[in-house]
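S.K.: Mind having a look at this structure? Questions to follow.
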Amino acid sequence: MSTINIQHLSLSLLSIHLLLIIFPSSTGAAPIGICYGRVANNLPQPSFVVNLIKSNGIKYVRLFDIDPTTLKSFSGTGINLTIGVPNELLPFLANANEATALSWLQSNVFAHIPANQVRYIAVGNEVFLKDPFYTPHVVTAILNLYQALKTLNLTNSIKLSSPQAASVVTNSYPPSAATFDPYIESAIIPLVQYLYDSRSPFMVNVYPYFSYINNKNHVSLDYALFKSKNDTVRDGALSYGNLFDASVDAFVSAMEKVGFEGVPVVVTETGWPTKAGEAASEENASVYNGNVVRRAADDAGTPRRPETGVEAYLFDLFDENKKGGEEYEKHFGIFGLDGVKAYDIDFN
């Protein structure tokens, strides 16, 4: 098991902090990508999928596992990947020594895709609240993978994080009141410490659709769909006209409350279903996802961080007919299995 100390990591990255201050990142459009979920038994071959992604000008893709065939299909395309480490692999990686973690990374990732196409490695998904058995392993697995990336001189180009469910924050109305759920605070603070020290993003899955259907007395459909004519929520001097911005800023507030300012937020999943649920329609999905894309293209920030565009990944490439839960959860696909868009949306 890695013995790296987070405080030592903070000191070792001081030079990186200074470089970032001296050479601030360039501005422009925020990255917009798509999730390639594969919980289905009827999906096209990966080669078809990659051609579909390229033909639509999509440059960023989130994968949820390390399937070799899928990774190889992206090799040489120039498409930037977020590669998911499944929750069930976390104990192995948390208990691995540095050599084992390095071997795993080389055999399961870089043997199939060049390092310059890997943007992020997402270690687990929604672990703290939805899969808590693996909670003790998240940060240790990240630290071991960090050491492996450090050996390969890749810690500046490939960032590690762990996507969270939006429900890890409580009291999120208004956003400035948001705090992390006290039941998971002891687990999430070490994660945020690592993200702060390594200049890595806090990853969160944001679904205004879920908030709307579960809180219709307090959340209007227009507010969820970016269609509010007037600012709906006042938060001190700030005004929020949509739930997406409010959700992102709630995480910013929660991180600041535990002592970490400036951690970027990446929305690793967001989307709207096309059928099988209240307000689930192709029209609403087109409005919601279209607005997420346009805001990224405009590098639009949130009220709390107006100068920082929000990197986001639309969920999902296709419907997934084997997903559990409510029926609408199977119907987030932007494309049909034949590659035809379910509704009008432009990724460029």
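Within each chain, counting starts at residue 1; across the structure tokens, chains are named A, B, ... in the order shown, with ligands numbered 1 upward in that order.
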Could you go through range 37-197 of chain A and tell me which residues DSSP, when run on the backbone, assigns to alpha helix (DSSP H), listing them as a PyMOL selection string?
M.R.: chain A and resi 46-55+68-74+90-94+98-105+127-130+138-151+185-197
S.K.: Report the residues of range 12-126 of chain A whose backbone DSSP state falls under strand (DSSP E), written as a list in words.
M.R.: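 For range 12-126 of chain A, the strand (DSSP E) set is Ile32, Gly33, Ile34, Cys35, Tyr36, Tyr60, Val61, Arg62, Leu63, Asn80, Leu81, Thr82, Ile83, Gly84, Val85, Val118, Arg119, Tyr120, Ile121, Ala122 and Val123 of chain A.
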S.K.: Report as CSV: every residue of range 287-314 of chain A with an atom at most 10 Å from range 202-217 of chain A, its closest pair of atoms, and their distance in Å to one decimal, counting only C-alpha atoms, with rows sorted by chain and ascending residue number.
M.R.:
```
residue,atom,partner,partner_atom,distance
A:Tyr288,CA,A:Pro208,CA,9.3
A:Glu311,CA,A:Met203,CA,9.9
A:Ala312,CA,A:Asn205,CA,9.3
A:Tyr313,CA,A:Asn205,CA,9.0
A:Leu314,CA,A:Asn205,CA,10.0
```
S.K.: Between range 201-266 of chain A and range 289-303 of chain A, at 10 Å or less, what are the per-residue closest atom pairs and their distances in Å? Count only C-alpha atoms, order by chain and rising residue number, and return it as CSV.
M.R.:
```
residue,atom,partner,partner_atom,distance
A:Leu225,CA,A:Asn291,CA,8.1
A:Phe226,CA,A:Asn291,CA,7.0
A:Lys227,CA,A:Asn291,CA,9.4
A:Asp235,CA,A:Pro303,CA,9.7
A:Ala237,CA,A:Pro303,CA,9.5
A:Leu238,CA,A:Pro303,CA,6.1
A:Ser239,CA,A:Pro303,CA,6.9
A:Tyr240,CA,A:Pro303,CA,7.0
A:Gly241,CA,A:Pro303,CA,9.6
A:Asn242,CA,A:Thr302,CA,9.9
A:Phe244,CA,A:Val292,CA,8.7
A:Asp245,CA,A:Thr302,CA,5.3
A:Ala246,CA,A:Thr302,CA,7.8
A:Ser247,CA,A:Thr302,CA,9.7
A:Val248,CA,A:Thr302,CA,7.6
A:Asp249,CA,A:Thr302,CA,6.9
```
S.K.: Excluding range 275-285 of chain A and residues on its chain fewer than 2 positions from it, collect all residues at most 7 Å away from it, counting only C-alpha atoms, and give them as a ChimeraX atom specification.
M.R.: /A:272-273,287-289,327-328,331,342-343
S.K.: Residues as selected, all heavy atoms, written as a CSV table (one decimal), in the first residue's frame, can you do that?
M.R.:
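File produced: result_30.csv:
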```
chain,number,residue,atom,x,y,z
A,272,TRP,N,-31.0,14.6,-19.8
A,272,TRP,CA,-32.5,14.6,-19.6
A,272,TRP,C,-33.1,13.4,-20.4
A,272,TRP,O,-32.7,13.2,-21.6
A,272,TRP,CB,-33.0,15.9,-20.2
A,272,TRP,CG,-34.4,16.3,-19.7
A,272,TRP,CD1,-35.6,15.8,-20.2
A,272,TRP,CD2,-34.7,17.2,-18.6
A,272,TRP,NE1,-36.6,16.4,-19.5
A,272,TRP,CE2,-36.1,17.2,-18.5
A,272,TRP,CE3,-33.9,17.9,-17.7
A,272,TRP,CZ2,-36.8,18.0,-17.5
A,272,TRP,CZ3,-34.6,18.7,-16.8
A,272,TRP,CH2,-36.0,18.7,-16.7
A,273,PRO,N,-34.0,12.7,-19.8
A,273,PRO,CA,-34.6,11.5,-20.5
A,273,PRO,C,-35.6,11.9,-21.6
A,273,PRO,O,-36.2,13.0,-21.5
A,273,PRO,CB,-35.3,10.7,-19.4
A,273,PRO,CG,-35.6,11.8,-18.4
A,273,PRO,CD,-34.5,12.8,-18.5
A,287,VAL,N,-33.8,20.8,-25.4
A,287,VAL,CA,-33.7,22.1,-24.7
A,287,VAL,C,-32.6,22.1,-23.6
A,287,VAL,O,-31.7,22.9,-23.6
A,287,VAL,CB,-35.0,22.6,-24.1
A,287,VAL,CG1,-34.8,23.8,-23.2
A,287,VAL,CG2,-36.0,22.9,-25.2
A,288,TYR,N,-32.7,21.1,-22.8
A,288,TYR,CA,-31.7,21.0,-21.7
A,288,TYR,C,-30.3,20.8,-22.2
A,288,TYR,O,-29.4,21.5,-21.9
A,288,TYR,CB,-32.1,19.9,-20.7
A,288,TYR,CG,-31.1,19.7,-19.6
A,288,TYR,CD1,-31.1,20.6,-18.5
A,288,TYR,CD2,-30.1,18.8,-19.6
A,288,TYR,CE1,-30.2,20.6,-17.5
A,288,TYR,CE2,-29.1,18.8,-18.6
A,288,TYR,CZ,-29.2,19.6,-17.6
A,288,TYR,OH,-28.2,19.6,-16.6
A,289,ASN,N,-30.1,19.7,-22.9
A,289,ASN,CA,-28.7,19.4,-23.4
A,289,ASN,C,-28.2,20.4,-24.3
A,289,ASN,O,-27.0,20.8,-24.3
A,289,ASN,CB,-28.7,18.0,-24.1
A,289,ASN,CG,-28.8,16.9,-23.1
A,289,ASN,OD1,-28.4,17.0,-21.9
A,289,ASN,ND2,-29.4,15.7,-23.5
A,327,GLU,N,-38.0,3.3,-15.2
A,327,GLU,CA,-38.0,3.0,-16.7
A,327,GLU,C,-37.3,4.2,-17.4
A,327,GLU,O,-36.5,4.0,-18.4
A,327,GLU,CB,-39.4,2.8,-17.2
A,327,GLU,CG,-39.4,2.6,-18.7
A,327,GLU,CD,-38.7,1.3,-19.2
A,327,GLU,OE1,-38.6,0.4,-18.3
A,327,GLU,OE2,-38.4,1.2,-20.4
A,328,TYR,N,-37.5,5.4,-17.0
A,328,TYR,CA,-36.9,6.6,-17.7
A,328,TYR,C,-35.4,6.6,-17.7
A,328,TYR,O,-34.7,7.2,-18.5
A,328,TYR,CB,-37.5,7.9,-17.2
A,328,TYR,CG,-37.1,8.2,-15.7
A,328,TYR,CD1,-35.9,8.6,-15.3
A,328,TYR,CD2,-38.1,8.1,-14.8
A,328,TYR,CE1,-35.6,8.9,-14.0
A,328,TYR,CE2,-37.8,8.4,-13.4
A,328,TYR,CZ,-36.6,8.8,-13.1
A,328,TYR,OH,-36.3,9.0,-11.8
A,331,HIS,N,-33.6,5.7,-20.8
A,331,HIS,CA,-33.9,6.5,-22.0
A,331,HIS,C,-33.2,7.9,-22.0
A,331,HIS,O,-33.9,8.9,-22.3
A,331,HIS,CB,-35.4,6.7,-22.2
A,331,HIS,CG,-36.1,5.3,-22.3
A,331,HIS,ND1,-36.0,4.6,-23.4
A,331,HIS,CD2,-36.9,4.6,-21.5
A,331,HIS,CE1,-36.7,3.4,-23.3
A,331,HIS,NE2,-37.2,3.5,-22.1
A,342,ALA,N,-31.6,11.5,-31.8
A,342,ALA,CA,-33.0,11.4,-31.3
A,342,ALA,C,-33.6,12.8,-31.4
A,342,ALA,O,-34.9,12.8,-31.5
A,342,ALA,CB,-33.0,10.9,-29.9
A,343,TYR,N,-32.8,13.8,-31.4
A,343,TYR,CA,-33.3,15.2,-31.5
A,343,TYR,C,-32.2,16.1,-31.9
A,343,TYR,O,-31.0,15.7,-31.9
A,343,TYR,CB,-33.9,15.7,-30.1
A,343,TYR,CG,-33.0,15.4,-29.0
A,343,TYR,CD1,-32.0,16.2,-28.6
A,343,TYR,CD2,-33.2,14.2,-28.2
A,343,TYR,CE1,-31.1,15.9,-27.5
A,343,TYR,CE2,-32.4,14.0,-27.1
A,343,TYR,CZ,-31.4,14.8,-26.8
A,343,TYR,OH,-30.5,14.5,-25.7
```
S.K.: One decimal, Å: what's the distance from CA of Phe74 in chain A over to CA of Thr155 in chain A, could you say?
M.R.: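 A separation of 21.6 Å between them.
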S.K.: Between CA of Pro86 in chain A and CA of Glu126 in chain A, what is the distance in Å, rounded to a tenth?
M.R.: 10.5 Å
S.K.: Just want the 12 Å neighbourhood of Pro91 in chain A, counted on only C-alpha atoms, with same-chain residues fewer than 2 positions away dropped. Output as a list of chain:residue names.
M.R.: A:Met1, A:Val85, A:Pro86, A:Asn87, A:Glu88, A:Leu89, A:Leu93, A:Ala94, A:Asn95, A:Ala96, A:Ala101, A:Val123, A:Gly124, A:Phe133, A:Tyr134, A:Thr135, A:Pro136, A:His137, A:Val138, A:Val139, A:Thr140, A:Ala141, A:Ile142, A:Asn144
S.K.: Given the selection you just returned, output its residues as a file containing N, CA, C and O atoms, formatted as a compact mmCIF listing (two decimals), in the first residue's frame.
M.R.:
```txt
# COMPACT_ATOMS: atom_id res chain seq x y z
N MET A 1 0.85 -1.20 0.00
CA MET A 1 0.00 0.00 0.00
C MET A 1 0.88 1.24 0.00
O MET A 1 1.89 1.29 0.69
N VAL A 85 -12.58 3.75 -13.45
CA VAL A 85 -12.16 2.56 -12.73
C VAL A 85 -13.37 2.04 -11.96
O VAL A 85 -13.89 2.73 -11.08
N PRO A 86 -13.90 0.88 -12.29
CA PRO A 86 -15.11 0.37 -11.62
C PRO A 86 -14.93 0.25 -10.11
O PRO A 86 -13.83 -0.04 -9.62
N ASN A 87 -16.01 0.46 -9.39
CA ASN A 87 -15.95 0.44 -7.92
C ASN A 87 -15.35 -0.85 -7.38
O ASN A 87 -14.60 -0.84 -6.40
N GLU A 88 -15.66 -1.97 -8.02
CA GLU A 88 -15.21 -3.26 -7.48
C GLU A 88 -13.70 -3.45 -7.56
O GLU A 88 -13.14 -4.34 -6.92
N LEU A 89 -13.00 -2.60 -8.34
CA LEU A 89 -11.55 -2.68 -8.41
C LEU A 89 -10.85 -1.84 -7.35
O LEU A 89 -9.62 -1.93 -7.19
N LEU A 93 -6.77 -1.86 -5.89
CA LEU A 93 -5.87 -0.74 -6.11
C LEU A 93 -5.46 -0.07 -4.81
O LEU A 93 -4.34 0.43 -4.68
N ALA A 94 -6.35 -0.07 -3.82
CA ALA A 94 -6.02 0.54 -2.53
C ALA A 94 -4.97 -0.27 -1.79
O ALA A 94 -4.18 0.28 -1.02
N ASN A 95 -4.97 -1.56 -1.99
CA ASN A 95 -4.03 -2.44 -1.30
C ASN A 95 -2.79 -2.76 -2.13
O ASN A 95 -1.93 -3.52 -1.70
N ALA A 96 -2.71 -2.17 -3.30
CA ALA A 96 -1.57 -2.43 -4.17
C ALA A 96 -0.37 -1.61 -3.72
O ALA A 96 -0.51 -0.51 -3.19
N ALA A 101 0.44 -1.05 -8.73
CA ALA A 101 -0.42 -0.01 -9.31
C ALA A 101 0.11 0.42 -10.67
O ALA A 101 -0.67 0.61 -11.62
N VAL A 123 -11.85 7.46 -10.55
CA VAL A 123 -11.64 6.32 -9.67
C VAL A 123 -12.92 6.05 -8.88
O VAL A 123 -13.22 6.73 -7.91
N GLY A 124 -13.68 5.06 -9.35
CA GLY A 124 -14.99 4.79 -8.77
C GLY A 124 -16.03 5.75 -9.30
O GLY A 124 -15.72 6.71 -10.03
N PHE A 133 -19.64 0.53 0.69
CA PHE A 133 -18.69 -0.52 1.04
C PHE A 133 -17.28 -0.16 0.58
O PHE A 133 -16.29 -0.50 1.23
N TYR A 134 -17.20 0.56 -0.55
CA TYR A 134 -15.91 0.88 -1.14
C TYR A 134 -15.34 2.21 -0.66
O TYR A 134 -14.23 2.59 -1.06
N THR A 135 -16.08 2.93 0.18
CA THR A 135 -15.64 4.26 0.62
C THR A 135 -14.23 4.28 1.17
O THR A 135 -13.42 5.16 0.81
N PRO A 136 -13.84 3.34 2.06
CA PRO A 136 -12.49 3.41 2.64
C PRO A 136 -11.36 3.27 1.62
O PRO A 136 -10.21 3.56 1.94
N HIS A 137 -11.69 2.81 0.43
CA HIS A 137 -10.65 2.51 -0.55
C HIS A 137 -10.43 3.62 -1.58
O HIS A 137 -9.45 3.56 -2.33
N VAL A 138 -11.32 4.62 -1.63
CA VAL A 138 -11.28 5.59 -2.72
C VAL A 138 -9.99 6.40 -2.72
O VAL A 138 -9.24 6.42 -3.71
N VAL A 139 -9.71 7.10 -1.63
CA VAL A 139 -8.56 8.00 -1.62
C VAL A 139 -7.25 7.22 -1.69
O VAL A 139 -6.32 7.64 -2.41
N THR A 140 -7.17 6.09 -1.02
CA THR A 140 -5.93 5.30 -1.07
C THR A 140 -5.67 4.79 -2.48
O THR A 140 -4.53 4.79 -2.96
N ALA A 141 -6.74 4.36 -3.18
CA ALA A 141 -6.57 3.94 -4.57
C ALA A 141 -6.09 5.09 -5.44
O ALA A 141 -5.21 4.92 -6.29
N ILE A 142 -6.66 6.28 -5.21
CA ILE A 142 -6.23 7.45 -5.97
C ILE A 142 -4.77 7.76 -5.72
O ILE A 142 -3.99 8.03 -6.65
N ASN A 144 -2.38 5.75 -4.78
CA ASN A 144 -1.52 4.74 -5.41
C ASN A 144 -1.42 4.96 -6.92
O ASN A 144 -0.34 4.82 -7.51
```
S.K.: In terms of the shortest atom-to-atom distance over only C-alpha atoms, which of A:Gln106, A:Asn153, A:Asn42, A:Ser253 is closest to Ser176 in chain A?
M.R.: A:Ser253
S.K.: Could you jot down the CA of Ile79 in chain A to CA of Ile58 in chain A separation for me, Å, one decimal place?
M.R.: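 Atom-to-atom, CA of Ile79 in chain A and CA of Ile58 in chain A are spaced 7.7 Å apart.
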S.K.: Restricting the calculation to only C-alpha atoms, which member of A:Tyr196, A:Tyr120, A:Tyr146, A:Tyr183 is positioned closest to Ser162 in chain A?
M.R.: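 Closest to Ser162 in chain A, using only C-alpha atoms: A:Tyr120.
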S.K.: Residues near Ser157 in chain A, anyone? I mean within 9 Å using only C-alpha atoms, not counting same-chain ones fewer than 5 positions away, as an MDAnalysis selection string.
M.R.: chainID A and resid 115:116 118:120
S.K.: Can I get the selected residues back with N, CA and C atoms, as a CSV table (one decimal), in the first residue's frame?
M.R.:
```csv
chain,number,residue,atom,x,y,z
A,115,ALA,N,-1.2,7.7,-23.7
A,115,ALA,CA,-1.4,8.5,-22.5
A,115,ALA,C,-1.8,9.9,-22.9
A,116,ASN,N,-1.4,10.4,-24.1
A,116,ASN,CA,-1.8,11.7,-24.5
A,116,ASN,C,-3.3,11.9,-24.9
A,118,VAL,N,-5.6,10.5,-22.7
A,118,VAL,CA,-6.3,10.3,-21.4
A,118,VAL,C,-6.3,11.6,-20.7
A,119,ARG,N,-7.4,12.2,-20.4
A,119,ARG,CA,-7.6,13.4,-19.8
A,119,ARG,C,-7.7,13.2,-18.3
A,120,TYR,N,-8.6,12.3,-17.9
A,120,TYR,CA,-8.9,12.0,-16.5
A,120,TYR,C,-9.0,10.5,-16.3
```
